[in-house]
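File shown here: model-v2.cif, holding mmCIF, C-alpha atoms.
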```cif
data_final
#
loop_
_atom_site.label_atom_id
_atom_site.label_comp_id
_atom_site.auth_asym_id
_atom_site.auth_seq_id
_atom_site.Cartn_x
_atom_site.Cartn_y
_atom_site.Cartn_z
CA MET E 13 -4.30 -24.46 38.30
CA SER E 14 -1.64 -25.46 40.71
CA HIS E 15 0.90 -23.07 42.15
CA LEU E 16 3.12 -21.53 39.45
CA ARG E 17 6.87 -21.58 39.99
CA CYS E 18 8.52 -18.71 38.10
CA VAL E 19 12.16 -18.03 37.36
CA VAL E 20 12.88 -14.41 36.41
CA LEU E 21 15.77 -13.36 34.16
CA ALA E 22 16.73 -9.71 34.42
CA SER E 23 19.66 -7.47 33.57
CA GLY E 24 18.72 -4.13 35.05
CA ARG E 25 17.02 -2.38 37.88
CA GLY E 26 14.27 -4.97 38.03
CA SER E 27 11.23 -2.71 38.20
CA ASN E 28 9.19 -5.27 36.25
CA LEU E 29 10.41 -7.97 38.63
CA GLN E 30 9.19 -5.75 41.47
CA SER E 31 5.73 -5.40 39.92
CA LEU E 32 5.51 -9.21 39.78
CA LEU E 33 6.77 -9.56 43.34
CA ASP E 34 4.17 -7.04 44.48
CA VAL E 35 1.17 -9.03 43.24
CA ILE E 36 2.70 -12.20 44.63
CA CYS E 37 3.34 -10.65 48.05
CA GLN E 38 -0.20 -9.27 48.06
CA LYS E 39 -1.40 -12.87 47.44
CA GLN E 40 -3.25 -11.76 44.33
CA VAL E 41 -1.80 -14.71 42.41
CA ASP E 42 -0.97 -18.27 43.29
CA ALA E 43 2.64 -18.05 42.15
CA SER E 44 6.12 -17.66 43.51
CA ILE E 45 9.38 -16.45 42.11
CA VAL E 46 11.72 -19.28 42.98
CA ALA E 47 14.92 -17.73 41.61
CA VAL E 48 16.19 -14.58 39.91
CA LEU E 49 19.06 -14.86 37.41
CA SER E 50 21.07 -12.10 35.86
CA ASN E 51 23.93 -11.70 33.43
CA LYS E 52 24.91 -8.51 35.28
CA GLU E 53 26.62 -8.65 38.64
CA LYS E 54 25.26 -5.28 39.74
CA ALA E 55 21.70 -5.76 38.51
CA GLN E 56 19.38 -4.22 41.05
CA ALA E 57 17.01 -7.08 40.26
CA LEU E 58 19.35 -9.42 42.16
CA GLU E 59 19.26 -7.16 45.19
CA ARG E 60 15.48 -7.03 45.14
CA ALA E 61 15.37 -10.83 45.20
CA ARG E 62 17.96 -11.09 47.96
CA LYS E 63 15.98 -8.73 50.19
CA LEU E 64 13.01 -11.07 49.98
CA GLY E 65 15.09 -14.18 50.55
CA ILE E 66 14.69 -15.34 46.95
CA PRO E 67 17.75 -17.18 45.62
CA ASP E 68 19.61 -14.88 43.23
CA PHE E 69 22.32 -15.81 40.75
CA TRP E 70 24.76 -13.76 38.78
CA ILE E 71 25.77 -15.86 35.81
CA ASN E 72 28.72 -14.16 34.15
CA PRO E 73 28.73 -14.79 30.38
CA GLN E 74 32.50 -14.10 30.42
CA GLY E 75 32.93 -17.14 32.64
CA TYR E 76 31.88 -19.55 29.89
CA PRO E 77 33.60 -20.59 26.68
CA ASP E 78 30.54 -19.80 24.54
CA LYS E 79 26.90 -18.78 24.61
CA LYS E 80 25.70 -22.37 24.70
CA ALA E 81 27.72 -23.07 27.85
CA PHE E 82 26.43 -19.85 29.44
CA GLU E 83 22.85 -20.75 28.57
CA GLY E 84 23.46 -24.27 29.83
CA ALA E 85 24.32 -22.78 33.22
CA LEU E 86 21.08 -20.79 33.21
CA LEU E 87 19.13 -23.91 32.27
CA GLU E 88 20.70 -25.93 35.05
CA ILE E 89 19.51 -23.47 37.69
CA ILE E 90 16.09 -23.21 36.06
CA ARG E 91 15.77 -27.01 36.25
CA THR E 92 17.10 -27.17 39.79
CA TYR E 93 14.37 -24.80 40.89
CA GLN E 94 11.75 -26.74 38.94
CA ALA E 95 10.42 -23.69 37.15
CA ASP E 96 7.04 -23.93 35.43
CA ILE E 97 7.70 -20.78 33.47
CA ILE E 98 10.52 -18.35 32.66
CA LEU E 99 9.74 -14.64 32.82
CA LEU E 100 12.11 -12.21 31.13
CA ALA E 101 12.05 -8.84 32.83
CA GLY E 102 14.52 -6.53 31.16
CA PHE E 103 16.86 -9.38 30.24
CA MET E 104 19.13 -7.77 27.67
CA LEU E 105 20.57 -10.84 25.97
CA VAL E 106 18.86 -12.62 23.09
CA LEU E 107 18.33 -16.25 24.00
CA SER E 108 19.45 -18.75 21.38
CA PRO E 109 17.23 -21.42 19.77
CA PHE E 110 19.20 -23.91 21.89
CA PHE E 111 17.94 -22.27 25.07
CA ILE E 112 14.36 -21.94 23.79
CA GLN E 113 14.24 -25.61 22.82
CA GLN E 114 15.94 -26.90 25.96
CA ALA E 115 13.93 -24.80 28.41
CA ARG E 116 10.86 -27.04 27.99
CA VAL E 117 8.70 -24.48 29.77
CA PRO E 118 7.05 -21.38 28.32
CA ILE E 119 9.21 -18.26 28.19
CA ILE E 120 7.51 -14.89 28.39
CA ASN E 121 8.95 -11.44 27.68
CA ILE E 122 7.80 -7.84 28.03
CA HIS E 123 8.83 -5.36 25.35
CA PRO E 124 8.42 -1.56 25.47
CA ALA E 125 6.69 -1.12 22.09
CA LEU E 126 3.57 -2.20 20.24
CA LEU E 127 5.09 -5.19 18.50
CA PRO E 128 5.62 -5.93 15.66
CA ALA E 129 6.69 -2.28 15.58
CA PHE E 130 10.14 -1.52 17.01
CA PRO E 131 11.55 -4.90 18.08
CA GLY E 132 15.04 -5.15 19.53
CA LEU E 133 16.99 -2.63 21.54
CA HIS E 134 16.00 0.97 22.30
CA ALA E 135 12.38 0.48 21.30
CA GLN E 136 11.33 3.81 22.77
CA ARG E 137 14.05 5.66 20.89
CA GLN E 138 13.06 3.86 17.70
CA ALA E 139 9.45 4.97 18.20
CA LEU E 140 10.46 8.60 18.76
CA GLU E 141 12.75 8.61 15.74
CA TYR E 142 10.06 7.09 13.54
CA GLY E 143 7.56 9.69 14.69
CA VAL E 144 4.64 7.47 15.72
CA ARG E 145 1.72 8.99 17.62
CA TYR E 146 1.15 5.94 19.83
CA SER E 147 3.42 3.34 21.31
CA GLY E 148 3.06 1.00 24.27
CA CYS E 149 4.18 -2.35 25.54
CA THR E 150 3.70 -5.99 24.66
CA VAL E 151 3.83 -9.16 26.74
CA HIS E 152 4.52 -12.10 24.46
CA PHE E 153 5.73 -15.67 24.34
CA VAL E 154 9.35 -15.94 23.29
CA ASP E 155 10.07 -17.80 20.08
CA GLU E 156 13.30 -18.13 18.14
CA GLY E 157 13.04 -14.66 16.60
CA VAL E 158 13.70 -11.31 18.27
CA ASP E 159 10.48 -10.12 19.95
CA SER E 160 8.49 -12.02 17.35
CA GLY E 161 6.52 -14.54 19.41
CA PRO E 162 2.75 -14.77 19.96
CA ILE E 163 1.32 -11.69 21.69
CA ILE E 164 -0.50 -12.16 25.01
CA LEU E 165 -1.46 -8.60 25.93
CA GLN E 166 -0.62 -5.09 24.80
CA ALA E 167 -1.17 -1.64 26.22
CA VAL E 168 -1.13 1.67 24.34
CA VAL E 169 0.25 5.05 25.37
CA PRO E 170 0.32 8.30 23.41
CA VAL E 171 3.62 9.72 22.22
CA LEU E 172 3.62 13.43 23.01
CA PRO E 173 5.32 16.14 20.95
CA GLU E 174 7.63 17.09 23.81
CA ASP E 175 8.61 13.51 24.66
CA THR E 176 12.19 12.48 25.24
CA GLU E 177 13.34 8.88 25.38
CA GLU E 178 13.10 9.18 29.15
CA THR E 179 9.57 10.59 29.40
CA LEU E 180 8.21 8.11 26.86
CA SER E 181 9.97 5.21 28.61
CA GLN E 182 8.47 6.30 31.91
CA ARG E 183 4.94 6.49 30.47
CA ILE E 184 5.34 3.03 28.94
CA LEU E 185 6.82 1.65 32.17
CA VAL E 186 3.66 2.55 34.07
CA GLU E 187 1.77 0.31 31.67
CA GLU E 188 4.41 -2.43 31.86
CA HIS E 189 3.98 -2.58 35.61
CA ARG E 190 0.26 -3.08 35.12
CA LEU E 191 0.44 -5.48 32.19
CA TYR E 192 3.01 -8.04 33.33
CA PRO E 193 1.28 -8.77 36.68
CA ARG E 194 -2.01 -9.06 34.76
CA VAL E 195 -0.45 -11.70 32.53
CA LEU E 196 0.85 -13.54 35.60
CA GLN E 197 -2.69 -13.52 37.00
CA LEU E 198 -4.09 -14.92 33.75
CA LEU E 199 -1.38 -17.60 33.66
CA CYS E 200 -2.11 -18.63 37.24
CA ALA E 201 -5.82 -18.79 36.46
CA GLY E 202 -5.10 -21.03 33.47
CA ARG E 203 -6.77 -18.53 31.20
CA ILE E 204 -4.11 -18.25 28.49
CA ALA E 205 -4.34 -20.62 25.55
CA CYS E 206 -2.35 -20.66 22.31
CA ARG E 207 -3.84 -21.43 18.93
CA GLY E 208 -1.02 -21.21 16.42
CA ARG E 209 0.37 -17.74 16.93
CA LYS E 210 -2.90 -16.45 18.32
CA VAL E 211 -3.23 -16.26 22.05
CA MET E 212 -6.72 -16.70 23.43
CA ILE E 213 -7.60 -15.17 26.76
CA LEU E 214 -10.25 -17.48 28.15
CA GLY E 215 -13.16 -15.54 29.60
CA GLU E 216 -14.87 -12.48 28.32
CA GLY E 217 -13.44 -9.19 27.06
CA GLU E 218 -9.96 -9.70 28.43
CA GLY E 219 -7.89 -9.20 25.31
CA ASN E 220 -7.57 -5.47 25.66
CA GLU E 221 -6.40 -4.20 28.98
CA MET X 9 -3.74 29.87 4.57
CA SER X 10 -5.34 30.23 1.17
CA HIS X 11 -7.90 27.84 -0.25
CA LEU X 12 -6.50 24.32 -0.68
CA ARG X 13 -7.03 22.59 -4.03
CA CYS X 14 -7.00 18.81 -3.55
CA VAL X 15 -6.84 16.03 -6.11
CA VAL X 16 -7.98 12.66 -4.78
CA LEU X 17 -6.73 9.32 -6.12
CA ALA X 18 -8.93 6.36 -5.30
CA SER X 19 -9.46 2.80 -6.50
CA GLY X 20 -12.48 1.66 -4.54
CA ARG X 21 -15.76 2.63 -3.05
CA GLY X 22 -14.43 6.00 -1.99
CA SER X 23 -15.71 6.13 1.57
CA ASN X 24 -12.64 8.12 2.63
CA LEU X 25 -13.25 10.49 -0.29
CA GLN X 26 -16.78 10.87 1.01
CA SER X 27 -15.57 11.76 4.51
CA LEU X 28 -13.42 14.50 2.96
CA LEU X 29 -16.29 15.72 0.77
CA ASP X 30 -18.52 15.87 3.84
CA VAL X 31 -16.32 18.29 5.78
CA ILE X 32 -15.84 20.36 2.64
CA CYS X 33 -19.59 20.50 1.91
CA GLN X 34 -20.23 21.43 5.52
CA LYS X 35 -17.78 24.32 5.02
CA GLN X 36 -15.66 23.10 7.94
CA VAL X 37 -12.51 23.53 5.85
CA ASP X 38 -11.38 26.00 3.24
CA ALA X 39 -10.61 23.36 0.61
CA SER X 40 -12.08 21.85 -2.50
CA ILE X 41 -11.61 18.59 -4.31
CA VAL X 42 -10.90 19.73 -7.84
CA ALA X 43 -10.66 16.29 -9.45
CA VAL X 44 -10.94 12.62 -8.59
CA LEU X 45 -8.76 10.12 -10.47
CA SER X 46 -8.99 6.36 -10.45
CA ASN X 47 -7.21 3.43 -12.03
CA LYS X 48 -10.50 1.50 -11.85
CA GLU X 49 -13.33 2.24 -14.26
CA LYS X 50 -16.01 1.09 -11.83
CA ALA X 51 -14.61 2.79 -8.74
CA GLN X 52 -17.52 4.13 -6.75
CA ALA X 53 -15.27 7.06 -5.87
CA LEU X 54 -15.68 8.33 -9.44
CA GLU X 55 -19.47 8.17 -9.12
CA ARG X 56 -19.38 10.09 -5.86
CA ALA X 57 -17.39 12.85 -7.56
CA ARG X 58 -19.67 12.91 -10.60
CA LYS X 59 -22.77 13.34 -8.44
CA LEU X 60 -21.24 16.49 -6.98
CA GLY X 61 -20.12 17.84 -10.33
CA ILE X 62 -16.45 17.20 -9.57
CA PRO X 63 -14.41 16.23 -12.65
CA ASP X 64 -13.68 12.51 -12.49
CA PHE X 65 -11.16 10.57 -14.53
CA TRP X 66 -10.67 6.89 -15.11
CA ILE X 67 -7.05 6.46 -16.15
CA ASN X 68 -6.63 2.92 -17.39
CA PRO X 69 -3.11 1.60 -16.69
CA GLN X 70 -3.62 -0.89 -19.54
CA GLY X 71 -3.87 2.04 -21.93
CA TYR X 72 -0.23 3.03 -21.44
CA PRO X 73 2.99 1.34 -22.49
CA ASP X 74 4.46 1.46 -18.97
CA LYS X 75 3.95 2.73 -15.45
CA LYS X 76 5.82 5.96 -16.15
CA ALA X 77 3.48 6.82 -19.02
CA PHE X 78 0.45 5.98 -16.86
CA GLU X 79 1.76 8.13 -14.04
CA GLY X 80 2.56 10.88 -16.52
CA ALA X 81 -1.12 10.93 -17.47
CA LEU X 82 -2.09 11.26 -13.79
CA LEU X 83 0.42 14.07 -13.35
CA GLU X 84 -0.89 15.93 -16.37
CA ILE X 85 -4.39 16.05 -14.94
CA ILE X 86 -3.08 16.96 -11.49
CA ARG X 87 -1.20 19.90 -13.04
CA THR X 88 -4.13 20.95 -15.20
CA TYR X 89 -6.27 21.24 -12.08
CA GLN X 90 -3.50 23.11 -10.24
CA ALA X 91 -3.60 20.85 -7.24
CA ASP X 92 -1.92 22.04 -4.03
CA ILE X 93 -1.97 18.57 -2.60
CA ILE X 94 -2.65 14.97 -3.62
CA LEU X 95 -4.75 12.85 -1.28
CA LEU X 96 -4.68 9.08 -1.70
CA ALA X 97 -7.91 7.52 -0.51
CA GLY X 98 -7.80 3.81 -1.08
CA PHE X 99 -5.57 4.11 -4.13
CA MET X 100 -4.32 0.57 -4.61
CA LEU X 101 -1.28 1.17 -6.81
CA VAL X 102 2.15 2.01 -5.43
CA LEU X 103 3.34 5.29 -6.91
CA SER X 104 6.87 5.23 -8.31
CA PRO X 105 9.70 7.54 -7.26
CA PHE X 106 9.19 9.23 -10.64
CA PHE X 107 5.66 10.22 -9.66
CA ILE X 108 6.65 11.33 -6.17
CA GLN X 109 9.45 13.53 -7.52
CA GLN X 110 7.43 14.98 -10.39
CA ALA X 111 4.30 15.71 -8.37
CA ARG X 112 5.92 18.75 -6.73
CA VAL X 113 3.11 18.94 -4.17
CA PRO X 114 2.73 16.96 -0.96
CA ILE X 115 1.12 13.54 -1.29
CA ILE X 116 -0.82 12.16 1.67
CA ASN X 117 -2.10 8.64 2.25
CA ILE X 118 -4.29 6.88 4.78
CA HIS X 119 -3.38 3.34 5.79
CA PRO X 120 -5.50 0.93 7.87
CA ALA X 121 -2.83 -0.01 10.43
CA LEU X 122 -0.60 1.54 13.05
CA LEU X 123 2.42 2.04 10.85
CA PRO X 124 5.21 0.97 10.81
CA ALA X 125 3.29 -2.22 11.64
CA PHE X 126 1.59 -3.94 8.69
CA PRO X 127 2.45 -1.82 5.65
CA GLY X 128 1.26 -2.84 2.20
CA LEU X 129 -1.84 -4.74 1.18
CA HIS X 130 -4.38 -6.39 3.49
CA ALA X 131 -3.17 -4.57 6.59
CA GLN X 132 -6.17 -5.67 8.63
CA ARG X 133 -5.64 -9.32 7.68
CA GLN X 134 -1.95 -9.00 8.53
CA ALA X 135 -2.87 -7.62 11.96
CA LEU X 136 -5.30 -10.46 12.65
CA GLU X 137 -2.83 -13.10 11.53
CA TYR X 138 -0.07 -11.61 13.66
CA GLY X 139 -2.36 -11.56 16.68
CA VAL X 140 -1.97 -7.96 17.83
CA ARG X 141 -4.32 -6.59 20.50
CA TYR X 142 -4.53 -3.11 18.98
CA SER X 143 -4.47 -1.79 15.47
CA GLY X 144 -5.70 1.43 13.90
CA CYS X 145 -5.02 3.78 11.06
CA THR X 146 -2.32 6.21 10.01
CA VAL X 147 -2.39 9.34 7.88
CA HIS X 148 1.10 9.99 6.54
CA PHE X 149 3.08 11.80 3.89
CA VAL X 150 4.00 9.57 0.99
CA ASP X 151 7.68 9.00 0.37
CA GLU X 152 9.41 6.60 -1.98
CA GLY X 153 8.87 3.59 0.27
CA VAL X 154 5.66 1.62 0.83
CA ASP X 155 3.68 3.29 3.64
CA SER X 156 6.94 4.50 5.14
CA GLY X 157 6.61 8.29 5.06
CA PRO X 158 6.36 10.72 8.00
CA ILE X 159 3.30 10.14 10.17
CA ILE X 160 0.80 12.98 10.59
CA LEU X 161 -1.87 11.41 12.82
CA GLN X 162 -2.80 7.93 14.03
CA ALA X 163 -5.83 6.46 15.72
CA VAL X 164 -6.01 3.24 17.72
CA VAL X 165 -8.73 0.58 17.85
CA PRO X 166 -8.80 -2.66 19.83
CA VAL X 167 -8.63 -5.99 18.01
CA LEU X 168 -11.30 -8.24 19.52
CA PRO X 169 -11.05 -12.02 19.89
CA GLU X 170 -14.04 -12.59 17.62
CA ASP X 171 -12.87 -10.20 14.91
CA THR X 172 -12.91 -11.11 11.25
CA GLU X 173 -11.13 -9.12 8.58
CA GLU X 174 -14.48 -7.46 7.92
CA THR X 175 -15.34 -6.45 11.48
CA LEU X 176 -11.84 -5.15 12.16
CA SER X 177 -11.82 -3.23 8.86
CA GLN X 178 -15.15 -1.68 9.76
CA ARG X 179 -13.93 -0.59 13.20
CA ILE X 180 -10.79 0.94 11.67
CA LEU X 181 -12.83 2.61 8.91
CA VAL X 182 -14.84 4.54 11.50
CA GLU X 183 -11.55 6.04 12.70
CA GLU X 184 -10.32 6.64 9.14
CA HIS X 185 -13.41 8.71 8.44
CA ARG X 186 -12.62 10.83 11.47
CA LEU X 187 -8.86 11.07 10.98
CA TYR X 188 -8.54 12.03 7.32
CA PRO X 189 -10.92 15.04 7.56
CA ARG X 190 -9.06 16.09 10.71
CA VAL X 191 -5.81 16.10 8.77
CA LEU X 192 -7.47 18.12 5.99
CA GLN X 193 -8.56 20.66 8.60
CA LEU X 194 -5.03 20.89 10.01
CA LEU X 195 -3.59 21.29 6.50
CA CYS X 196 -6.04 24.06 5.68
CA ALA X 197 -5.20 25.79 8.94
CA GLY X 198 -1.50 25.62 8.09
CA ARG X 199 -0.87 23.68 11.26
CA ILE X 200 1.21 20.82 9.89
CA ALA X 201 4.97 21.25 9.77
CA CYS X 202 7.66 18.71 8.94
CA ARG X 203 10.98 18.49 10.74
CA GLY X 204 12.89 15.66 9.12
CA ARG X 205 10.59 12.70 9.43
CA LYS X 206 8.81 14.19 12.43
CA VAL X 207 5.55 15.94 11.78
CA MET X 208 4.71 18.77 14.16
CA ILE X 209 1.11 19.71 14.72
CA LEU X 210 1.24 23.41 15.52
CA GLY X 211 -0.94 24.25 18.49
CA GLU X 212 -1.44 22.41 21.68
CA GLY X 213 -2.19 18.75 22.36
CA GLU X 214 -3.15 17.86 18.82
CA GLY X 215 -0.84 14.95 18.18
CA ASN X 216 -3.13 12.31 19.53
CA GLU X 217 -6.64 12.31 18.24
#
```
Go ahead and express the file in the form of structure tokens.
Amino acid sequence: MSHLRCVVLASGRGSNLQSLLDVICQKQVDASIVAVLSNKEKAQALERARKLGIPDFWINPQGYPDKKAFEGALLEIIRTYQADIILLAGFMLVLSPFFIQQARVPIINIHPALLPAFPGLHAQRQALEYGVRYSGCTVHFVDEGVDSGPIILQAVVPVLPEDTEETLSQRILVEEHRLYPRVLQLLCAGRIACRGRKVMILGEGEGNE
Amino acid sequence: MSHLRCVVLASGRGSNLQSLLDVICQKQVDASIVAVLSNKEKAQALERARKLGIPDFWINPQGYPDKKAFEGALLEIIRTYQADIILLAGFMLVLSPFFIQQARVPIINIHPALLPAFPGLHAQRQALEYGVRYSGCTVHFVDEGVDSGPIILQAVVPVLPEDTEETLSQRILVEEHRLYPRVLQLLCAGRIACRGRKVMILGEGEGNE
């Protein structure tokens, strides 16, 4: 596999972005993050990029007449930076089918639940309110549904009786920071293959991390 | 807690019934299965009961004008045997709200998936087709929805790349045979308490088996 050029979309503090930057900086993967985009001006993710000299862009949805125009602006930057892949890392807007179709590169997301359980917002709160005994996180390809695309890897954590949304989120986050870099490694090694909605991890015993 | 009188409803081979009978026979729990009911004449579950001298009943749905009458027949037997609890063990019919309301004792079910993922029939096939990396089983209270009631315990198993419906079912079944007796033990010990749709396991660190 040749070097993988990644664009990251993030809305928040960017801890998943940081976990990706860490494996890249440690030269564990042959990839680079060529730009970080956010819909939030104050996203800490943008700061993290800036510190490392990675081009960062705040794209203000309010500055565009509609979602398509906003997404068009995202796409323009993504094309300018010749991204091979788009990684969503706490990007809190749902991308439209227009974006998905026009991106022309794979889009990957990380979600703090064992999909298909608890898609959408506040997955950890949903899990607590439902009363499940296990939750976790899922890295998946993005399709036109909400958190419904083919699953690449998942990780499981217990839900404890005393858990709050915060403690559960923190436990899941530890796994997120392990899982997303692992997927980046597999992508760089060319070891991820799709067959319909099933994702094959090429090489032995790698499906369950 | 006093001795727990259980009625089991089953449609199939009754391997979960057997796992419950095993812990009862080994005197690990203060419970007895006072009757086994099935909608299927040839259900091996009925045979298993018969061998142990437990009253077994084939209730043929075709023999009743409607579902309510069929369920009324089930309820009559359940009352005759003064059941404290109804345990569904591979019972393949959905019980109506009428049954749930009239039963007047808790009803518990075991489902071969990590609910709320993959409710309903063919849960293992659903999991394989979706492409999840982990599945498992869930013991839960029955409410008026399909596999939607409060969760008591869950167990997780990996889904392997080479899995068929059969191999995944077998791996989950091993956990089912561990989980359902565990729930019976907790019930007998009076250690299961409901708070809304959250199930508390009284005593330390018991939520995740």
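In this structure, atom CA of Asn68 of chain X sits 7.4 Å away from atom CA of Glu49 of chain X.
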Provide as a PyMOL selection string the residues of chain E at most 8 Å from chain X, counting all atoms listed in the file.
chain E and resi 127-129+141-146+162-163+165-166+168+170-173+209-212+217+219-220
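Remark: for Ala201 of chain X, the closest of the candidate residues X:Glu184, X:His130, X:Lys76, X:Pro114 is X:Pro114 (distances computed over all atoms listed in the file).
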Do you know which residues lie at most 6 Å from (7.8, 1.7, 26.1), with coordinates as in the file and all atoms listed in the file counted, and could you write them as a PyMOL selection string?
chain E and resi 124-125+136+148-149+181+184
Residues from last step as file, C-alpha atoms, as a compact mmCIF listing (two decimals), in the frame of the given file:
```
# COMPACT_ATOMS: atom_id res chain seq x y z
CA PRO E 124 8.42 -1.56 25.47
CA ALA E 125 6.69 -1.12 22.09
CA GLN E 136 11.33 3.81 22.77
CA GLY E 148 3.06 1.00 24.27
CA CYS E 149 4.18 -2.35 25.54
CA SER E 181 9.97 5.21 28.61
CA ILE E 184 5.34 3.03 28.94
```
I need the residue set behind the PyMOL selection byres ((chain E and resi 192-197) around 10) for this file; please write it as JSON, numbers by chain.
{"E": [16, 18, 28, 29, 30, 31, 32, 33, 34, 35, 36, 40, 41, 42, 43, 99, 101, 120, 121, 122, 149, 150, 151, 152, 164, 165, 166, 187, 188, 189, 190, 191, 198, 199, 200, 201, 202, 203, 204, 213, 221]}
Just the residues within 10 Å of Ile112 of chain E, please, counting only C-alpha atoms, with nothing from its chain fewer than 2 positions along; format it as a VMD selection string.
chain E and resid 83 87 107 to 110 114 to 119 154 to 156
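Reported to one decimal place, the separation of atom CA of Pro73 of chain E from atom CA of Ala85 of chain E is 9.6 Å.
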A straight line from atom CA of Val19 of chain E to atom CA of Leu58 of chain E spans 12.2 Å
Selection result of the PyMOL selection byres ((chain E and resi 93) around 9) on this file, as a PDB file with C-alpha atoms, keeping the file's coordinate frame:
```pdb
ATOM      1  CA  ARG E  17       6.870 -21.580  39.990  1.00  0.00           C
ATOM      2  CA  CYS E  18       8.520 -18.710  38.100  1.00  0.00           C
ATOM      3  CA  VAL E  19      12.160 -18.030  37.360  1.00  0.00           C
ATOM      4  CA  VAL E  46      11.720 -19.280  42.980  1.00  0.00           C
ATOM      5  CA  ALA E  47      14.920 -17.730  41.610  1.00  0.00           C
ATOM      6  CA  GLU E  88      20.700 -25.930  35.050  1.00  0.00           C
ATOM      7  CA  ILE E  89      19.510 -23.470  37.690  1.00  0.00           C
ATOM      8  CA  ILE E  90      16.090 -23.210  36.060  1.00  0.00           C
ATOM      9  CA  ARG E  91      15.770 -27.010  36.250  1.00  0.00           C
ATOM     10  CA  THR E  92      17.100 -27.170  39.790  1.00  0.00           C
ATOM     11  CA  GLN E  94      11.750 -26.740  38.940  1.00  0.00           C
ATOM     12  CA  ALA E  95      10.420 -23.690  37.150  1.00  0.00           C
TER      13      ALA E  95
END
```
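Distance check against Leu101 of chain X using only C-alpha atoms: of X:Leu17, X:Leu181, X:Ala53, X:Cys202, the minimum falls on X:Leu17.
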I need the residue set behind the PyMOL selection byres ((chain E and resi 65) around 12) for this file; please write it as a PyMOL selection string.
chain E and resi 33+44-48+58-64+66-68
Restricting the calculation to only C-alpha atoms, which member of E:Leu86, E:Leu180, E:Ala81, E:Val186 is positioned closest to Arg137 of chain E?
E:Leu180
